[in-house]
Structures are given as structure tokens and as C-alpha cells.
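Just query.tsv here, TSV, C-alpha atoms:
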chain	number	residue	atom	x	y	z
A	1	MET	CA	101.65	162.47	105.80
A	2	SER	CA	101.14	158.87	104.71
A	3	ASP	CA	98.33	156.75	106.07
A	4	PRO	CA	99.28	154.32	108.83
A	5	PRO	CA	99.74	150.74	107.65
A	6	ALA	CA	96.65	148.59	107.75
A	7	ALA	CA	96.36	146.29	110.73
A	8	PRO	CA	97.32	142.73	109.85
A	9	ALA	CA	94.48	140.29	109.39
A	10	PRO	CA	93.89	138.06	112.42
A	11	PRO	CA	95.20	134.53	111.99
A	12	PRO	CA	92.61	131.95	110.93
A	13	ARG	CA	90.93	130.04	113.72
A	14	ALA	CA	89.55	127.43	111.30
A	15	SER	CA	91.45	125.60	108.57
A	16	VAL	CA	89.33	123.78	106.00
A	17	ILE	CA	91.23	121.07	104.13
A	18	VAL	CA	89.60	120.02	100.84
A	19	ILE	CA	91.03	116.73	99.64
A	20	ASN	CA	91.06	116.38	95.84
A	21	TRP	CA	91.99	113.83	93.22
A	22	ASN	CA	90.74	114.51	89.69
A	23	GLY	CA	87.70	116.27	91.09
A	24	ALA	CA	87.68	119.40	88.94
A	25	ARG	CA	84.00	118.88	88.15
A	26	HIS	CA	83.14	119.08	91.86
A	27	LEU	CA	85.54	121.76	93.10
A	28	PRO	CA	83.62	124.89	91.98
A	29	ALA	CA	80.50	124.02	93.99
A	30	CYS	CA	82.61	123.17	97.03
A	31	LEU	CA	84.94	126.18	96.90
A	32	ASP	CA	82.16	128.62	96.02
A	33	SER	CA	80.24	127.49	99.10
A	34	LEU	CA	83.35	127.94	101.24
A	35	ARG	CA	83.83	131.41	99.78
A	36	ALA	CA	80.27	132.23	100.92
A	37	GLN	CA	80.81	131.24	104.58
A	38	THR	CA	79.60	133.71	107.18
A	39	TYR	CA	82.50	132.88	109.52
A	40	PRO	CA	85.44	135.11	108.49
A	41	HIS	CA	88.47	133.81	110.38
A	42	ARG	CA	89.22	130.89	108.11
A	43	GLU	CA	91.67	129.55	105.58
A	44	VAL	CA	90.91	127.08	102.81
A	45	ILE	CA	93.51	124.59	101.61
A	46	VAL	CA	93.12	122.24	98.67
A	47	ALA	CA	95.32	119.17	99.10
A	48	ASP	CA	95.63	117.79	95.58
A	49	ASN	CA	96.73	114.19	95.05
A	50	ALA	CA	98.55	114.74	91.72
A	51	SER	CA	95.37	115.32	89.70
A	52	SER	CA	95.60	115.14	85.91
A	53	ASP	CA	92.26	116.80	85.08
A	54	GLY	CA	93.20	120.46	85.46
A	55	SER	CA	92.20	120.72	89.11
A	56	GLN	CA	95.34	122.57	90.12
A	57	ALA	CA	95.03	125.14	87.33
A	58	LEU	CA	91.37	125.67	88.24
A	59	VAL	CA	92.25	126.44	91.86
A	60	ARG	CA	95.10	128.80	90.93
A	61	GLU	CA	93.08	130.72	88.35
A	62	ARG	CA	89.63	130.91	89.94
A	63	TYR	CA	90.36	130.75	93.68
A	64	PRO	CA	93.48	132.80	94.43
A	65	GLU	CA	92.55	133.00	98.13
A	66	VAL	CA	92.86	129.20	98.42
A	67	LYS	CA	96.19	127.68	99.39
A	68	LEU	CA	97.07	124.81	97.04
A	69	VAL	CA	99.14	121.91	98.34
A	70	ALA	CA	100.17	120.10	95.15
A	71	LEU	CA	101.39	116.61	95.99
A	72	PRO	CA	103.72	114.78	93.59
A	73	GLU	CA	101.74	111.53	93.78
A	74	ASN	CA	98.38	110.23	94.96
A	75	ARG	CA	98.74	109.74	98.70
A	76	GLY	CA	95.13	108.74	99.18
A	77	PHE	CA	92.56	110.25	101.48
A	78	THR	CA	94.86	109.84	104.46
A	79	GLY	CA	98.12	111.15	103.03
A	80	GLY	CA	96.49	114.03	101.20
A	81	ASN	CA	94.60	115.23	104.25
A	82	ASN	CA	97.66	114.84	106.46
A	83	ALA	CA	99.65	117.03	104.06
A	84	GLY	CA	96.89	119.63	104.08
A	85	VAL	CA	96.75	119.72	107.85
A	86	ALA	CA	100.54	120.08	108.01
A	87	ALA	CA	100.25	123.18	105.82
A	88	SER	CA	97.47	124.71	107.94
A	89	SER	CA	97.56	126.97	110.99
A	90	GLY	CA	94.05	127.13	112.44
A	91	GLU	CA	93.01	126.21	115.95
A	92	PHE	CA	90.37	123.96	114.41
A	93	VAL	CA	91.03	121.62	111.48
A	94	ILE	CA	88.13	120.56	109.27
A	95	LEU	CA	88.51	117.87	106.62
A	96	LEU	CA	86.04	118.27	103.77
A	97	ASN	CA	85.42	116.15	100.69
A	98	ASN	CA	85.70	117.91	97.35
A	99	ASP	CA	82.28	116.57	96.29
A	100	THR	CA	80.39	118.61	98.86
A	101	GLU	CA	78.59	121.90	99.18
A	102	VAL	CA	78.28	123.50	102.61
A	103	ASP	CA	75.58	125.73	104.02
A	104	PRO	CA	76.72	129.37	104.52
A	105	GLY	CA	76.54	128.98	108.30
A	106	TRP	CA	78.31	125.60	108.38
A	107	LEU	CA	81.71	126.77	109.59
A	108	ALA	CA	80.24	129.23	112.11
A	109	ALA	CA	78.20	126.39	113.65
A	110	ILE	CA	81.30	124.22	114.01
A	111	VAL	CA	83.41	126.94	115.64
A	112	GLU	CA	80.55	127.89	117.97
A	113	ALA	CA	80.18	124.25	119.06
A	114	PHE	CA	83.88	124.01	119.88
A	115	ASP	CA	83.82	127.29	121.79
A	116	ARG	CA	80.75	126.34	123.79
A	117	CYS	CA	81.86	122.80	124.65
A	118	PRO	CA	85.51	122.66	125.76
A	119	GLU	CA	85.24	118.92	126.49
A	120	VAL	CA	84.54	118.22	122.80
A	121	GLY	CA	87.45	117.18	120.61
A	122	LEU	CA	85.54	116.40	117.40
A	123	VAL	CA	82.43	117.87	115.77
A	124	ALA	CA	80.22	116.00	113.30
A	125	SER	CA	78.10	117.77	110.69
A	126	LYS	CA	74.63	116.95	109.42
A	127	MET	CA	75.31	115.47	105.98
A	128	LEU	CA	72.55	115.29	103.38
A	129	LEU	CA	72.66	113.87	99.86
A	130	PHE	CA	73.63	116.47	97.28
A	131	ASP	CA	70.92	115.53	94.79
A	132	ARG	CA	68.27	114.54	97.37
A	133	ARG	CA	68.51	117.20	100.00
A	134	ASP	CA	65.71	115.73	102.06
A	135	THR	CA	67.70	112.51	102.58
A	136	LEU	CA	70.40	111.92	105.17
A	137	HIS	CA	73.87	110.60	104.52
A	138	ALA	CA	75.15	110.90	108.10
A	139	ALA	CA	74.16	112.52	111.37
A	140	GLY	CA	77.43	111.52	112.95
A	141	ASP	CA	79.00	108.08	112.81
A	142	THR	CA	78.23	104.97	114.82
A	143	TYR	CA	80.27	101.93	115.76
A	144	ARG	CA	78.51	98.73	116.69
A	145	LEU	CA	79.45	96.30	119.40
A	146	ASP	CA	79.92	93.68	116.67
A	147	GLY	CA	82.71	95.73	115.12
A	148	LEU	CA	80.91	97.38	112.20
A	149	PRO	CA	80.88	101.13	111.58
A	150	GLY	CA	77.91	102.99	110.22
A	151	ASN	CA	76.53	106.38	109.27
A	152	ARG	CA	73.77	107.41	111.67
A	153	GLY	CA	70.50	107.99	109.84
A	154	VAL	CA	71.83	107.00	106.39
A	155	TRP	CA	69.13	106.87	103.66
A	156	GLN	CA	66.45	108.19	106.02
A	157	LYS	CA	64.24	111.12	105.04
A	158	ASP	CA	65.23	114.16	107.05
A	159	THR	CA	62.08	114.91	109.02
A	160	GLY	CA	63.81	116.54	111.99
A	161	GLN	CA	64.61	113.29	113.80
A	162	TYR	CA	68.28	114.32	114.01
A	163	ASP	CA	67.79	117.99	114.79
A	164	ARG	CA	69.01	117.61	118.37
A	165	GLU	CA	72.64	118.23	119.27
A	166	GLU	CA	74.12	115.16	120.96
A	167	TYR	CA	77.26	113.14	121.54
A	168	VAL	CA	78.06	110.47	118.94
A	169	PHE	CA	80.87	107.99	118.36
A	170	GLY	CA	82.57	109.89	115.55
A	171	ALA	CA	82.33	112.14	112.51
A	172	CYS	CA	82.29	111.07	108.88
A	173	GLY	CA	85.65	111.80	107.26
A	174	GLY	CA	83.87	113.72	104.51
A	175	ALA	CA	83.29	116.55	107.02
A	176	LEU	CA	85.44	115.85	110.06
A	177	ALA	CA	86.15	118.77	112.41
A	178	VAL	CA	88.90	118.37	115.02
A	179	ARG	CA	90.66	120.61	117.51
A	180	ARG	CA	94.28	120.90	116.46
A	181	SER	CA	95.32	120.01	120.00
A	182	VAL	CA	93.43	116.71	119.64
A	183	TRP	CA	94.91	116.04	116.20
A	184	GLU	CA	98.37	116.50	117.70
A	185	ALA	CA	97.56	114.40	120.76
A	186	VAL	CA	96.17	111.31	119.01
A	187	GLY	CA	98.18	111.62	115.79
A	188	PRO	CA	97.18	112.17	112.15
A	189	LEU	CA	95.16	109.86	109.94
A	190	ASP	CA	96.82	106.47	109.62
A	191	ASP	CA	98.41	106.24	106.16
A	192	ASP	CA	98.15	102.44	106.23
A	193	PHE	CA	94.39	102.88	105.78
A	194	PHE	CA	94.84	105.04	102.63
A	195	PHE	CA	91.08	105.19	101.94
A	196	SER	CA	88.01	104.16	103.99
A	197	ALA	CA	87.55	103.71	107.76
A	198	GLU	CA	90.42	106.09	108.53
A	199	ASP	CA	87.81	108.28	110.21
A	200	VAL	CA	86.65	105.30	112.29
A	201	ASP	CA	90.21	104.64	113.41
A	202	PHE	CA	90.64	108.33	114.26
A	203	ALA	CA	87.38	108.38	116.24
A	204	TRP	CA	88.47	105.31	118.20
A	205	ARG	CA	91.82	106.86	119.07
A	206	ALA	CA	90.16	110.10	120.16
A	207	GLN	CA	87.46	108.37	122.21
A	208	LEU	CA	89.94	106.08	123.95
A	209	ALA	CA	92.03	109.12	124.87
A	210	GLY	CA	88.97	110.84	126.38
A	211	TYR	CA	87.96	113.27	123.60
A	212	ARG	CA	84.24	113.33	122.87
A	213	CYS	CA	82.52	113.91	119.53
A	214	LEU	CA	79.53	116.27	119.30
A	215	TYR	CA	77.01	116.15	116.47
A	216	THR	CA	75.56	119.56	115.67
A	217	PRO	CA	72.66	119.69	113.17
A	218	ARG	CA	73.25	123.36	112.38
A	219	ALA	CA	76.42	122.47	110.46
A	220	VAL	CA	74.89	121.28	107.19
A	221	VAL	CA	76.78	119.62	104.33
A	222	TYR	CA	75.45	118.32	101.01
A	223	HIS	CA	77.43	115.35	99.71
A	224	HIS	CA	77.65	113.59	96.34
A	225	LEU	CA	77.74	110.09	97.80
A	226	ALA	CA	80.46	107.87	96.25
A	227	ALA	CA	81.40	110.49	93.67
A	228	THR	CA	85.02	109.48	94.14
A	229	GLY	CA	85.90	105.87	94.88
A	230	GLY	CA	83.31	103.47	93.44
A	231	ASP	CA	81.82	100.33	94.86
A	232	VAL	CA	84.78	98.12	93.88
A	233	THR	CA	87.30	100.45	95.48
A	234	ALA	CA	85.19	100.89	98.60
A	235	SER	CA	84.53	97.16	98.87
A	236	TYR	CA	88.23	96.32	98.84
A	237	TYR	CA	89.23	98.93	101.40
A	238	ASN	CA	86.23	98.23	103.63
A	239	GLY	CA	87.09	94.54	103.66
A	240	ARG	CA	90.65	95.29	104.65
A	241	ASN	CA	90.25	98.30	106.91
A	242	PHE	CA	87.38	97.02	109.03
A	243	LEU	CA	89.77	94.28	110.14
A	244	TYR	CA	92.49	96.88	110.68
A	245	VAL	CA	90.21	98.82	113.03
A	246	LEU	CA	89.33	95.71	115.02
A	247	ALA	CA	92.98	94.73	115.43
A	248	LYS	CA	94.23	98.22	116.24
A	249	ASP	CA	91.42	99.88	118.19
A	250	TYR	CA	88.80	97.50	119.58
A	251	PRO	CA	89.66	97.16	123.30
A	252	GLY	CA	90.44	93.77	124.77
A	253	ASP	CA	87.90	93.93	127.61
A	254	LEU	CA	85.20	94.92	125.12
A	255	PHE	CA	86.20	92.04	122.82
A	256	ARG	CA	86.10	89.51	125.64
A	257	ARG	CA	82.51	90.55	126.32
A	258	HIS	CA	81.30	90.75	122.71
A	259	TRP	CA	83.62	88.48	120.71
A	260	ARG	CA	80.77	86.27	119.51
A	261	ARG	CA	79.06	89.27	117.92
A	262	VAL	CA	82.30	90.39	116.29
A	263	LEU	CA	83.09	86.99	114.79
A	264	ALA	CA	79.50	86.51	113.64
A	265	ALA	CA	79.49	89.87	111.84
A	266	GLN	CA	82.80	89.22	110.07
A	267	SER	CA	81.71	85.71	109.10
A	268	ARG	CA	78.45	87.04	107.68
A	269	ILE	CA	80.29	89.64	105.57
A	270	ALA	CA	82.69	87.03	104.19
A	271	TRP	CA	79.83	84.60	103.47
A	272	GLU	CA	77.80	87.25	101.64
A	273	ALA	CA	80.84	88.10	99.51
A	274	LEU	CA	81.41	84.42	98.71
A	275	ARG	CA	77.78	83.96	97.72
A	276	ALA	CA	78.03	86.94	95.38
A	277	TRP	CA	81.55	86.11	94.12
A	278	ARG	CA	80.58	86.69	90.47
A	279	GLY	CA	80.20	90.38	91.24
A	280	ARG	CA	83.28	92.59	90.95
A	281	ALA	CA	82.55	94.29	94.28
A	282	ALA	CA	82.22	90.93	96.03
A	283	ARG	CA	85.56	89.74	94.70
A	284	ALA	CA	87.12	93.03	95.74
A	285	ARG	CA	85.69	92.56	99.22
A	286	LEU	CA	87.24	89.10	99.48
A	287	ARG	CA	90.62	90.45	98.32
A	288	GLY	CA	90.32	93.15	100.96
A	289	ILE	CA	89.58	90.63	103.70
A	290	MET	CA	92.65	88.62	102.73
A	291	ALA	CA	94.78	91.78	102.71
A	292	GLY	CA	93.38	92.68	106.11
A	293	LEU	CA	94.37	89.32	107.53
A	294	ARG	CA	97.89	89.71	106.14
A	295	GLY	CA	98.12	93.17	107.70
A	296	LEU	CA	97.05	92.13	111.20
A	297	PRO	CA	100.60	91.85	112.62
A	298	LYS	CA	101.32	95.48	111.69
A	299	MET	CA	98.05	96.67	113.23
A	300	LEU	CA	98.65	94.66	116.40
A	301	ARG	CA	102.01	96.42	116.81
A	302	LYS	CA	100.22	99.78	116.51
A	303	ARG	CA	97.62	98.60	118.98
A	304	ARG	CA	100.02	98.85	121.90
A	305	SER	CA	100.28	102.64	121.82
A	306	VAL	CA	96.58	103.14	121.05
A	307	GLN	CA	95.42	101.06	123.99
A	308	ALA	CA	98.11	102.50	126.28
A	309	ALA	CA	96.56	105.96	125.77
A	310	ARG	CA	93.13	104.77	126.94
A	311	CYS	CA	91.65	106.68	129.87
A	312	VAL	CA	87.95	105.74	129.61
A	313	SER	CA	86.01	102.90	131.20
A	314	LEU	CA	84.38	99.88	129.63
A	315	ALA	CA	80.99	101.25	130.73
A	316	TYR	CA	81.65	104.50	128.85
A	317	LEU	CA	82.65	102.65	125.69
A	318	GLU	CA	79.52	100.52	125.78
A	319	SER	CA	77.46	103.68	126.22
A	320	ILE	CA	78.73	105.23	122.98
A	321	LEU	CA	78.55	102.06	120.87
A	322	THR	CA	75.36	100.72	119.36
A	323	GLU	CA	73.78	97.30	119.56
A	324	SER	CA	74.23	94.87	116.69
A	325	ASP	CA	71.16	95.05	114.48
A	326	LEU	CA	71.41	93.16	111.22
A	327	THR	CA	68.68	95.36	109.71
A	328	GLU	CA	70.69	98.51	110.36
A	329	ALA	CA	72.35	100.16	107.37
A	330	VAL	CA	76.11	99.99	107.76
A	331	ARG	CA	79.13	100.77	105.64
A	332	THR	CA	79.62	97.17	104.59
A	333	GLY	CA	77.49	97.65	101.48
A	334	PRO	CA	76.32	94.03	101.00
A	335	ASP	CA	73.61	95.28	98.64
A	336	HIS	CA	76.34	96.42	96.23
A	337	LEU	CA	78.28	93.15	96.14
A	338	GLN	CA	76.48	91.95	93.02
A	339	GLU	CA	77.73	94.87	90.96

Mind turning this structure into C-alpha cells?
Amino acid sequence: MSDPPAAPAPPPRASVIVINWNGARHLPACLDSLRAQTYPHREVIVADNASSDGSQALVRERYPEVKLVALPENRGFTGGNNAGVAASSGEFVILLNNDTEVDPGWLAAIVEAFDRCPEVGLVASKMLLFDRRDTLHAAGDTYRLDGLPGNRGVWQKDTGQYDREEYVFGACGGALAVRRSVWEAVGPLDDDFFFSAEDVDFAWRAQLAGYRCLYTPRAVVYHHLAATGGDVTASYYNGRNFLYVLAKDYPGDLFRRHWRRVLAAQSRIAWEALRAWRGRAARARLRGIMAGLRGLPKMLRKRRSVQAARCVSLAYLESILTESDLTEAVRTGPDHLQE
């Protein structure tokens, strides 16, 4: 008598999407750490943006358990991740940079946070620098009243100051965990952003629709900062996309109260780039600002649906945003504009 057929494996609750473009040198550390996760009900998907460095062959040969989504062209951080999510099936979707390594309990901590806190739509990880593991990259993301995004705790020594679980504005796109129901409710990453600040836009859309973001320090990620996308690339897209976020997401009642701060911050960024115009990053920033201004009509059209979905008060929004502090480290990167 033959043995009964084995019971089918339970469907994955968590789908980890690893975005990749010519990152073969980083993939083994990332995928090995995902293979070592203590949480079993998972699937791993590599969304490859038409790499030419052997990344796809590496995944097929060394990681047969990983689903490869091979895109015919580079669709950027946004398009690649959106394609990966479309190919996934988990209740929770986690976007993960290819230049990361995750702690063995990382995924378990994320799933546990979602299960324990049904009001939470997003979960942010504790991100440390890959080569300086006592130094923070992000303990969740911030957004300032003057319209500038930032990584909470960036460059600080990790001395336990961010070891408390708490609500934050958003999660860094390098390790962004979202309930699928929230992803479907607020929509995917905006392809018009392509690279940079797409996570800020997503956090705004989620927050306006009433979905909170929880930072959990037990979900630990080590990140090679700026391993893909150098200062020139980041400067261009930051210059453009910070304006996109303001036009699309920043609520009108908030702007009427804080417009002087917003205009002052944007003016300061433009002035710093002009002063450093000999630097390639500064010139890229200025090109990005001009592209952002040209793109404002498109973002203002998108704004209608984003603001129409809002169900939170002005007082709540001010409670989750931070004060403008010109000494605070933000994503603008003015110290890199000379490069």
C-alpha cells in the first residue's frame, strides 16, 4: 500500500521582494540571510531590472527556492518592486534592497508586529550600516513640517536610544513592510518617481488613508548605504521627487499653516546647490529641481485622489511630523553637493 501524499505546504504569509539591478556582488549576502530566516512561511522573489552582470544566472543556479522575475528593461526601484509584488502571494509584502543582510529573526519580528497590532499598515525595521554595525541608517522615516524627509537616527551610534517600539511617519524603502490589503488600498509605488522618495510618497498615502506605521527594533537590517545609485543619481531624483511629494501629498491645510517653512527649506536647498554648482551632484540637484517644477501639473492631477482618500485630522498629521531643524540630518545631502 502506497504512502499517502504529503500534505501541501501552507501558503506563504510573507513575501520578500528583493529589487536588483546589476547587484550580483551583493545578492549572496542578502539571499543567504533570507535563507537563514527563522520564520518559515515565506517566499522570496528577486525582481531583476534587466541586469547584465550575471545576476539572473546566479539566482537560478544558487538559489532555486527563489522566484525570479526577470524584467525586459530597467523599470527602476518603483517598477521593479511593483512587478515583484504583482508576482507575490503573501499576506504581508516586504520590499528589501539587494545590498542588505537581515538578522535571522528579522522576518519573524515583522510578522509578529503585524499580528499583534491590527491597526498597523506598515512596519519599519531598524537599519544599521553594513560595514559599521554600531551606526544607524534609519529607525523609521521622518517627514518634517518644512517638507523634507529624513531617516530617523541616521549616522548616530546605536546605543539603545531607538530600542523602543513606537509609531513613526514611514519606513525606509530599503526595508518596507506593508500589509497587502494596504498596498491594494493605497496603490503601488508611483512609477513617476522611479527612484528616491517613492517610500515617502507611499507613507503619505498610507497615513492620509488612516494606516499607521510601527517601528520595531527587533527587525534588524544591515545596509550598504548608497551601494546602488550614487550621489549624482540621488541628487537629481531627490531634487525632483521632493517637489513631487509636496505637490501630490502635502495637505492644503497643513501647507497654509507651514508654507513659510516649506518655501524656506526649498529655497535653501536650491541656494546651496547654486553655491556648489561646480560639483556634479549640485548640478544634478538643480536639474532635478527644474524637472520637478516641470512635473508639477502631473502631480497636482494625482493629488486629487490622494487628498480625497484622507480620513485623518490636521492635529494627527502635525503629531506625526517633526519640527524643522536645520541641524537635523535629512535626505537632501547638501554635504555631498561638492562631489

Step by step, gather every atom of segment 267-286 of chain A that the file lists, find the box along x, y and z that holds them, add 4 Å on each side, and finally give centre and edge lengths in Å to one decimal, as AutoDock Vina command-line options.
--center_x 82.5 --center_y 89.1 --center_z 99.8 --size_x 17.5 --size_y 18.3 --size_z 26.6

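Distances to Val200 of chain A were evaluated for A:Asp141, A:Glu101, A:Asp53, A:Asp115 using all atoms listed in the file, and the minimum falls at A:Asp141.
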
| For atom CA of Arg35 of chain A and atom CA of Gly170 of chain A, the interatomic separation in Å (one decimal) |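 Rounded to one decimal, the two atoms are 26.7 Å apart.
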
Tell me, counting all atoms listed in the file, for each residue of segment 206-244 of chain A within 9 Å of segment 261-281 of chain A, which pair of atoms is nearest and how far apart they are in Å to one decimal, in rows ordered by chain and increasing number, as CSV.
residue,atom,partner,partner_atom,distance
A:Asp231,CA,A:Ala281,CA,6.1
A:Val232,CA,A:Ala281,CA,4.4
A:Thr233,CA,A:Ala281,CA,7.9
A:Ala234,CA,A:Ala281,CA,8.3
A:Ser235,CA,A:Ala281,CA,5.8
A:Tyr236,CA,A:Ala281,CA,7.6
A:Gly239,CA,A:Ile269,CA,8.6
A:Leu243,CA,A:Gln266,CA,8.6

Output C-alpha atoms for every residue in that selection, as a PDB file, keeping the file's coordinate frame.
ATOM      1  CA  ASP A 231      81.820 100.330  94.860  1.00  0.00           C
ATOM      2  CA  VAL A 232      84.780  98.120  93.880  1.00  0.00           C
ATOM      3  CA  THR A 233      87.300 100.450  95.480  1.00  0.00           C
ATOM      4  CA  ALA A 234      85.190 100.890  98.600  1.00  0.00           C
ATOM      5  CA  SER A 235      84.530  97.160  98.870  1.00  0.00           C
ATOM      6  CA  TYR A 236      88.230  96.320  98.840  1.00  0.00           C
ATOM      7  CA  GLY A 239      87.090  94.540 103.660  1.00  0.00           C
ATOM      8  CA  LEU A 243      89.770  94.280 110.140  1.00  0.00           C
TER       9      LEU A 243
END

| What is the atom CA of Thr142 of chain A to atom CA of Lys298 of chain A distance in Å? | 25.2 Å

| Using all atoms listed in the file, which residue out of A:Val186, A:Asp146, A:Leu293, A:Ala86 lies closest to His258 of chain A? |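 Result for the nearest residue to His258 of chain A: A:Asp146.
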